[in-house]
Amino acid sequence: MQIEHLALWTPDLERARAFYAAWFGAEAGAPYHNPRSGFGSYFLRFAGGPRLELMQRPDVGPRSEGPEREMHGLAHFAVALGSEAAVDDLTERMRAAGVTVLSAPRRTGDGYYESVVLDPDGNRLELTV
């Protein structure tokens, strides 16, 4: 068994596509648009692992705010960069470019070396080895 793809709702397909292309080398497939429903999407491919589907539809709004946001739905997904130096480097380049860094590179209690950043829609991404 393997995960084939993850999917994220976004209010701005092009902004999200550009973020994942710029920071993680994602290559977007052809855009899909259903004129009847207003649904649009991109599938993004990375060098390895599952694809990421970015989705947009006019009747899908933002997630709820407040403490329940942390308790339901997607908590985060992790991107393996290959080394601690790569985690350090990408985290600092993202910070310098204005990307929100929630957690600087560190070793967690369970032994992971990671930092945590937010994508343009507030999704948490763990940058790890």
# chains A, B, ... in the order shown; residues from 1 in each chain; ligands from 1

$ residues_around --residues "Gly49 (chain A)" --least-positions-apart "5" --cutoff "9 Å" --atoms "only C-alpha atoms" --output "MDAnalysis selection string"
chainID A and resid 2:5

$ residues_around --residues "Ala21 (chain A)" --least-positions-apart "2" --cutoff "12 Å" --atoms "only C-alpha atoms" --output "PyMOL selection string"
chain A and resi 14-19+23-29+42-47+52+119

$ residues_around --residues "Ser37 (chain A)" --least-positions-apart "6" --cutoff "10 Å" --atoms "only C-alpha atoms" --output "MDAnalysis selection string"
chainID A and resid 57:59

$ write_last_selection --atoms "all heavy atoms" --output "PDB file, in the first residue's frame"
ATOM      1  N   ARG A  57     -13.091  25.386  -5.557  1.00  0.00           N
ATOM      2  CA  ARG A  57     -14.496  25.392  -5.975  1.00  0.00           C
ATOM      3  C   ARG A  57     -15.162  26.574  -5.285  1.00  0.00           C
ATOM      4  O   ARG A  57     -14.898  26.819  -4.099  1.00  0.00           O
ATOM      5  CB  ARG A  57     -15.169  24.076  -5.586  1.00  0.00           C
ATOM      6  CG  ARG A  57     -16.459  23.819  -6.330  1.00  0.00           C
ATOM      7  CD  ARG A  57     -17.013  22.453  -6.050  1.00  0.00           C
ATOM      8  NE  ARG A  57     -17.505  22.399  -4.679  1.00  0.00           N
ATOM      9  CZ  ARG A  57     -17.706  21.287  -3.996  1.00  0.00           C
ATOM     10  NH1 ARG A  57     -17.464  20.123  -4.535  1.00  0.00           N
ATOM     11  NH2 ARG A  57     -18.143  21.332  -2.757  1.00  0.00           N
ATOM     12  N   PRO A  58     -16.026  27.311  -5.967  1.00  0.00           N
ATOM     13  CA  PRO A  58     -16.581  28.542  -5.397  1.00  0.00           C
ATOM     14  C   PRO A  58     -17.372  28.344  -4.105  1.00  0.00           C
ATOM     15  O   PRO A  58     -17.436  29.247  -3.287  1.00  0.00           O
ATOM     16  CB  PRO A  58     -17.482  29.102  -6.495  1.00  0.00           C
ATOM     17  CG  PRO A  58     -17.384  28.211  -7.657  1.00  0.00           C
ATOM     18  CD  PRO A  58     -16.484  27.069  -7.326  1.00  0.00           C
ATOM     19  N   ASP A  59     -17.952  27.173  -3.899  1.00  0.00           N
ATOM     20  CA  ASP A  59     -18.775  26.973  -2.698  1.00  0.00           C
ATOM     21  C   ASP A  59     -18.007  26.364  -1.528  1.00  0.00           C
ATOM     22  O   ASP A  59     -18.596  26.023  -0.506  1.00  0.00           O
ATOM     23  CB  ASP A  59     -19.997  26.111  -3.025  1.00  0.00           C
ATOM     24  CG  ASP A  59     -19.636  24.734  -3.525  1.00  0.00           C
ATOM     25  OD1 ASP A  59     -18.508  24.548  -4.034  1.00  0.00           O
ATOM     26  OD2 ASP A  59     -20.489  23.824  -3.430  1.00  0.00           O
TER      27      ASP A  59
END

$ closest_residue --among "A:Gly61, A:Gly98, A:Gly122, A:Pro105" --to "Ala85 (chain A)" --atoms "only C-alpha atoms"
A:Pro105

$ closest_residue --among "A:Val87, A:Leu8, A:Ala22, A:His76" --to "Ser41 (chain A)" --atoms "only C-alpha atoms"
A:Leu8

$ residues_around --residues "Ala86 (chain A)" --least-positions-apart "4" --cutoff "9 Å" --atoms "only C-alpha atoms" --output "PyMOL selection string"
chain A and resi 81-82+90-91+127-129

$ write_last_selection --atoms "C-alpha atoms" --output "mmCIF file, in the first residue's frame"
data_model
loop_
_atom_site.group_PDB
_atom_site.id
_atom_site.type_symbol
_atom_site.label_atom_id
_atom_site.label_comp_id
_atom_site.auth_asym_id
_atom_site.auth_seq_id
_atom_site.Cartn_x
_atom_site.Cartn_y
_atom_site.Cartn_z
ATOM 1 C CA LEU A 81 14.708 17.026 2.075
ATOM 2 C CA GLY A 82 17.545 14.531 2.539
ATOM 3 C CA LEU A 90 15.377 25.812 3.007
ATOM 4 C CA THR A 91 13.895 27.035 6.290
ATOM 5 C CA LEU A 127 10.492 20.081 6.530
ATOM 6 C CA THR A 128 12.431 17.015 7.606
ATOM 7 C CA VAL A 129 15.443 14.913 6.714
#

$ atom_distance --atom1 "CA of Val116 (chain A)" --atom2 "CA of Thr100 (chain A)"
8.7 Å

$ select_by_dssp --residues "chain A" --states "alpha helix (DSSP H)" --output "VMD selection string"
chain A and resid 13 to 24 84 to 96

$ residues_around --residues "Val99 (chain A)" --least-positions-apart "5" --cutoff "9 Å" --atoms "only C-alpha atoms" --output "VMD selection string"
chain A and resid 91 93 to 94 117 to 120

$ atom_distance --atom1 "CA of Glu92 (chain A)" --atom2 "CA of Asp121 (chain A)"
19.8 Å

$ atom_distance --atom1 "CA of Ser115 (chain A)" --atom2 "CA of Ala78 (chain A)"
9.8 Å

$ closest_residue --among "A:Pro50, A:Pro11, A:Gln56, A:Thr108" --to "Tyr32 (chain A)" --atoms "only C-alpha atoms"
A:Gln56

$ closest_residue --among "A:Ala75, A:Ala80, A:Leu13, A:Met1" --to "Tyr113 (chain A)" --atoms "only C-alpha atoms"
A:Ala80

$ select_by_dssp --residues "chain A" --states "strand (DSSP E)" --output "VMD selection string"
chain A and resid 5 to 9 27 to 28 32 to 33 40 to 45 51 to 56 77 to 80 101 to 107 113 to 118 124 to 128
